[in-house]
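data.cif, holding mmCIF, C-alpha atoms:
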```
data_start
loop_
_atom_site.group_PDB
_atom_site.id
_atom_site.type_symbol
_atom_site.label_atom_id
_atom_site.label_comp_id
_atom_site.auth_asym_id
_atom_site.auth_seq_id
_atom_site.Cartn_x
_atom_site.Cartn_y
_atom_site.Cartn_z
ATOM 1 C CA MET P 4 110.522 2.312 14.074
ATOM 2 C CA ALA P 5 107.382 4.272 14.875
ATOM 3 C CA GLU P 6 105.262 3.272 17.836
ATOM 4 C CA LYS P 7 102.321 1.091 16.840
ATOM 5 C CA LYS P 8 98.746 2.184 17.455
ATOM 6 C CA SER P 9 96.672 -0.085 19.708
ATOM 7 C CA PHE P 10 92.918 -0.459 19.412
ATOM 8 C CA LEU P 11 90.166 -2.821 20.453
ATOM 9 C CA LEU P 12 88.746 -5.107 17.767
ATOM 10 C CA ARG P 13 85.581 -7.089 18.378
ATOM 11 C CA ILE P 14 85.128 -10.105 16.112
ATOM 12 C CA SER P 15 83.067 -13.254 16.275
ATOM 13 C CA PRO P 16 84.531 -16.397 17.839
ATOM 14 C CA GLU P 17 84.189 -18.141 14.471
ATOM 15 C CA LEU P 18 86.245 -15.485 12.689
ATOM 16 C CA TRP P 19 88.821 -15.556 15.488
ATOM 17 C CA ALA P 20 89.164 -19.332 15.136
ATOM 18 C CA GLU P 21 89.626 -19.060 11.362
ATOM 19 C CA LEU P 22 92.213 -16.292 11.735
ATOM 20 C CA ASN P 23 94.002 -18.367 14.364
ATOM 21 C CA ARG P 24 94.183 -21.382 12.022
ATOM 22 C CA TRP P 25 95.359 -19.200 9.132
ATOM 23 C CA ALA P 26 97.992 -17.510 11.300
ATOM 24 C CA SER P 27 99.242 -20.890 12.545
ATOM 25 C CA ASP P 28 99.560 -22.128 8.963
ATOM 26 C CA GLU P 29 101.758 -19.125 8.158
ATOM 27 C CA LEU P 30 103.686 -19.162 11.452
ATOM 28 C CA ARG P 31 102.308 -15.821 12.629
ATOM 29 C CA SER P 32 100.394 -14.605 15.662
ATOM 30 C CA VAL P 33 96.754 -13.661 15.086
ATOM 31 C CA ASN P 34 97.736 -10.014 15.550
ATOM 32 C CA GLY P 35 100.520 -10.411 12.980
ATOM 33 C CA GLN P 36 98.144 -12.127 10.556
ATOM 34 C CA ILE P 37 95.550 -9.369 10.843
ATOM 35 C CA GLU P 38 98.233 -6.742 10.236
ATOM 36 C CA TYR P 39 99.562 -8.725 7.248
ATOM 37 C CA VAL P 40 96.103 -9.033 5.673
ATOM 38 C CA LEU P 41 95.381 -5.347 6.217
ATOM 39 C CA ARG P 42 98.710 -4.354 4.664
ATOM 40 C CA GLN P 43 97.952 -6.517 1.605
ATOM 41 C CA ALA P 44 94.505 -4.926 1.247
ATOM 42 C CA VAL P 45 95.965 -1.414 1.455
ATOM 43 C CA GLU P 46 98.645 -2.238 -1.136
ATOM 44 C CA GLU P 47 96.038 -3.705 -3.508
ATOM 45 C CA ARG P 48 93.895 -0.614 -3.095
ATOM 46 C CA ARG P 49 96.834 1.700 -3.736
ATOM 47 C CA SER P 50 97.926 -0.184 -6.830
ATOM 48 C CA GLY P 51 94.408 -0.200 -8.281
ATOM 49 C CA LYS P 52 94.153 -3.973 -8.415
ATOM 50 C CA ARG P 53 90.726 -5.423 -8.977
ATOM 51 C CA ASP P 54 88.644 -7.113 -6.301
ATOM 52 C CA ARG P 55 87.043 -10.566 -6.544
ATOM 53 C CA ASN P 56 84.102 -9.100 -8.469
ATOM 54 C CA GLY P 57 86.343 -7.552 -11.117
ATOM 55 C CA ARG P 58 85.838 -4.002 -9.879
ATOM 56 C CA SER P 59 88.729 -1.623 -9.550
ATOM 57 C CA ALA P 60 89.462 -0.137 -6.151
ATOM 58 C CA GLU P 61 87.865 3.108 -7.356
ATOM 59 C CA ALA P 62 84.666 1.500 -8.704
ATOM 60 C CA GLY P 63 81.438 2.731 -7.134
ATOM 61 C CA ARG P 64 82.958 5.879 -5.690
ATOM 62 C CA ASP P 65 81.451 9.303 -6.085
ATOM 63 C CA PRO P 66 84.259 11.792 -5.471
ATOM 64 C CA THR P 67 81.714 14.556 -4.782
ATOM 65 C CA SER P 68 80.083 12.776 -1.849
ATOM 66 C CA PRO P 69 81.581 13.254 1.642
ATOM 67 C CA GLY P 70 82.148 9.543 2.188
ATOM 68 C CA GLY P 71 83.468 8.944 -1.313
ATOM 69 C CA ARG P 72 80.690 6.488 -2.145
ATOM 70 C CA ALA P 73 77.821 6.988 -4.553
#
```
Show this structure as C-alpha coordinates.
Amino acid sequence: MAEKKSFLLRISPELWAELNRWASDELRSVNGQIEYVLRQAVEERRSGKRDRNGRSAEAGRDPTSPGGRA
(Lines of atoms letter the chains of each structure in order from A and count residues from 1; the text may use other names and numbers.)
(Lines give C-alpha, C1' and ligand atoms only; values in the text may rest on other atoms or scores of the structure.)
Protein backbone atom coordinates (compact mmCIF):
# COMPACT_ATOMS: atom_id res chain seq x y z
CA MET A 1 0.00 0.00 0.00
CA ALA A 2 1.25 3.47 -0.86
CA GLU A 3 2.32 5.81 1.91
CA LYS A 4 -0.43 8.24 2.89
CA LYS A 5 0.03 11.98 2.55
CA SER A 6 -0.24 14.00 5.77
CA PHE A 7 -1.45 17.58 5.90
CA LEU A 8 -2.79 20.08 8.39
CA LEU A 9 -6.53 20.77 8.28
CA ARG A 10 -8.02 23.67 10.20
CA ILE A 11 -11.75 23.37 10.91
CA SER A 12 -14.11 24.96 13.37
CA PRO A 13 -14.76 23.28 16.73
CA GLU A 14 -18.42 22.91 15.74
CA LEU A 15 -17.55 21.03 12.55
CA TRP A 16 -15.06 18.88 14.46
CA ALA A 17 -17.73 17.95 17.00
CA GLU A 18 -20.20 17.02 14.25
CA LEU A 19 -17.59 14.94 12.42
CA ASN A 20 -16.70 13.24 15.70
CA ARG A 21 -20.35 12.31 16.34
CA TRP A 22 -20.77 11.08 12.76
CA ALA A 23 -17.57 9.04 12.94
CA SER A 24 -18.64 7.49 16.25
CA ASP A 25 -21.99 6.51 14.75
CA GLU A 26 -20.16 4.68 11.95
CA LEU A 27 -17.41 3.24 14.18
CA ARG A 28 -14.63 5.23 12.53
CA SER A 29 -12.01 7.70 13.70
CA VAL A 30 -12.53 11.32 12.67
CA ASN A 31 -9.59 10.95 10.28
CA GLY A 32 -11.17 7.81 8.80
CA GLN A 33 -14.52 9.56 8.46
CA ILE A 34 -13.01 12.54 6.66
CA GLU A 35 -11.19 10.21 4.27
CA TYR A 36 -14.40 8.21 3.70
CA VAL A 37 -16.43 11.34 2.91
CA LEU A 38 -13.75 12.66 0.57
CA ARG A 39 -13.56 9.33 -1.26
CA GLN A 40 -17.36 9.34 -1.71
CA ALA A 41 -17.25 12.90 -3.08
CA VAL A 42 -14.50 12.00 -5.55
CA GLU A 43 -16.39 8.90 -6.73
CA GLU A 44 -19.59 10.92 -7.21
CA ARG A 45 -17.68 13.52 -9.18
CA ARG A 46 -16.04 10.89 -11.37
CA SER A 47 -19.31 9.12 -12.08
CA GLY A 48 -21.07 12.37 -12.99
CA LYS A 49 -23.70 12.06 -10.30
CA ARG A 50 -25.75 15.13 -9.56
CA ASP A 51 -25.33 17.29 -6.47
CA ARG A 52 -28.10 18.33 -4.07
CA ASN A 53 -29.11 21.16 -6.40
CA GLY A 54 -29.57 18.83 -9.37
CA ARG A 55 -26.43 20.00 -11.14
CA SER A 56 -24.05 17.56 -12.72
CA ALA A 57 -20.46 17.52 -11.53
CA GLU A 58 -19.51 19.39 -14.72
CA ALA A 59 -22.18 22.11 -14.39
CA GLY A 60 -20.88 25.66 -14.19
CA ARG A 61 -17.45 24.83 -15.57
CA ASP A 62 -15.78 26.74 -18.34
CA PRO A 63 -13.14 24.43 -19.80
CA THR A 64 -11.32 27.42 -21.34
CA SER A 65 -10.69 29.16 -18.02
CA PRO A 66 -7.54 28.24 -16.04
CA GLY A 67 -9.48 27.23 -12.94
CA GLY A 68 -12.15 25.37 -14.88
CA ARG A 69 -14.93 27.62 -13.59
CA ALA A 70 -16.92 30.18 -15.54
CA of Ser9 (chain P) to CA of Gln36 (chain P), straight-line distance in Å: 15.2 Å
Distance of CA of Asp28 (chain P) from CA of Arg13 (chain P), expressed in Å to one decimal place: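 Straight-line distance from CA of Arg13 (chain P) to CA of Asp28 (chain P) works out to 22.6 Å.
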Spatial neighbours of region 18-20 of chain P, max dist 12 Å, all atoms listed in the file, sep filter under 5 positions, as a PyMOL selection string: chain P and resi 12-13+25-27+32-34+36-37
Padding 6 Å on every side, please: axis-aligned box over the listed atoms of region 12-21 of chain P, centre and edge lengths to one decimal in Å, as JSON.
```
{"center_x": 86.3, "center_y": -12.2, "center_z": 14.9, "size_x": 18.6, "size_y": 26.2, "size_z": 19.0}
```
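Between CA of Lys8 (chain P) and CA of Val45 (chain P) lies a distance of 16.6 Å.
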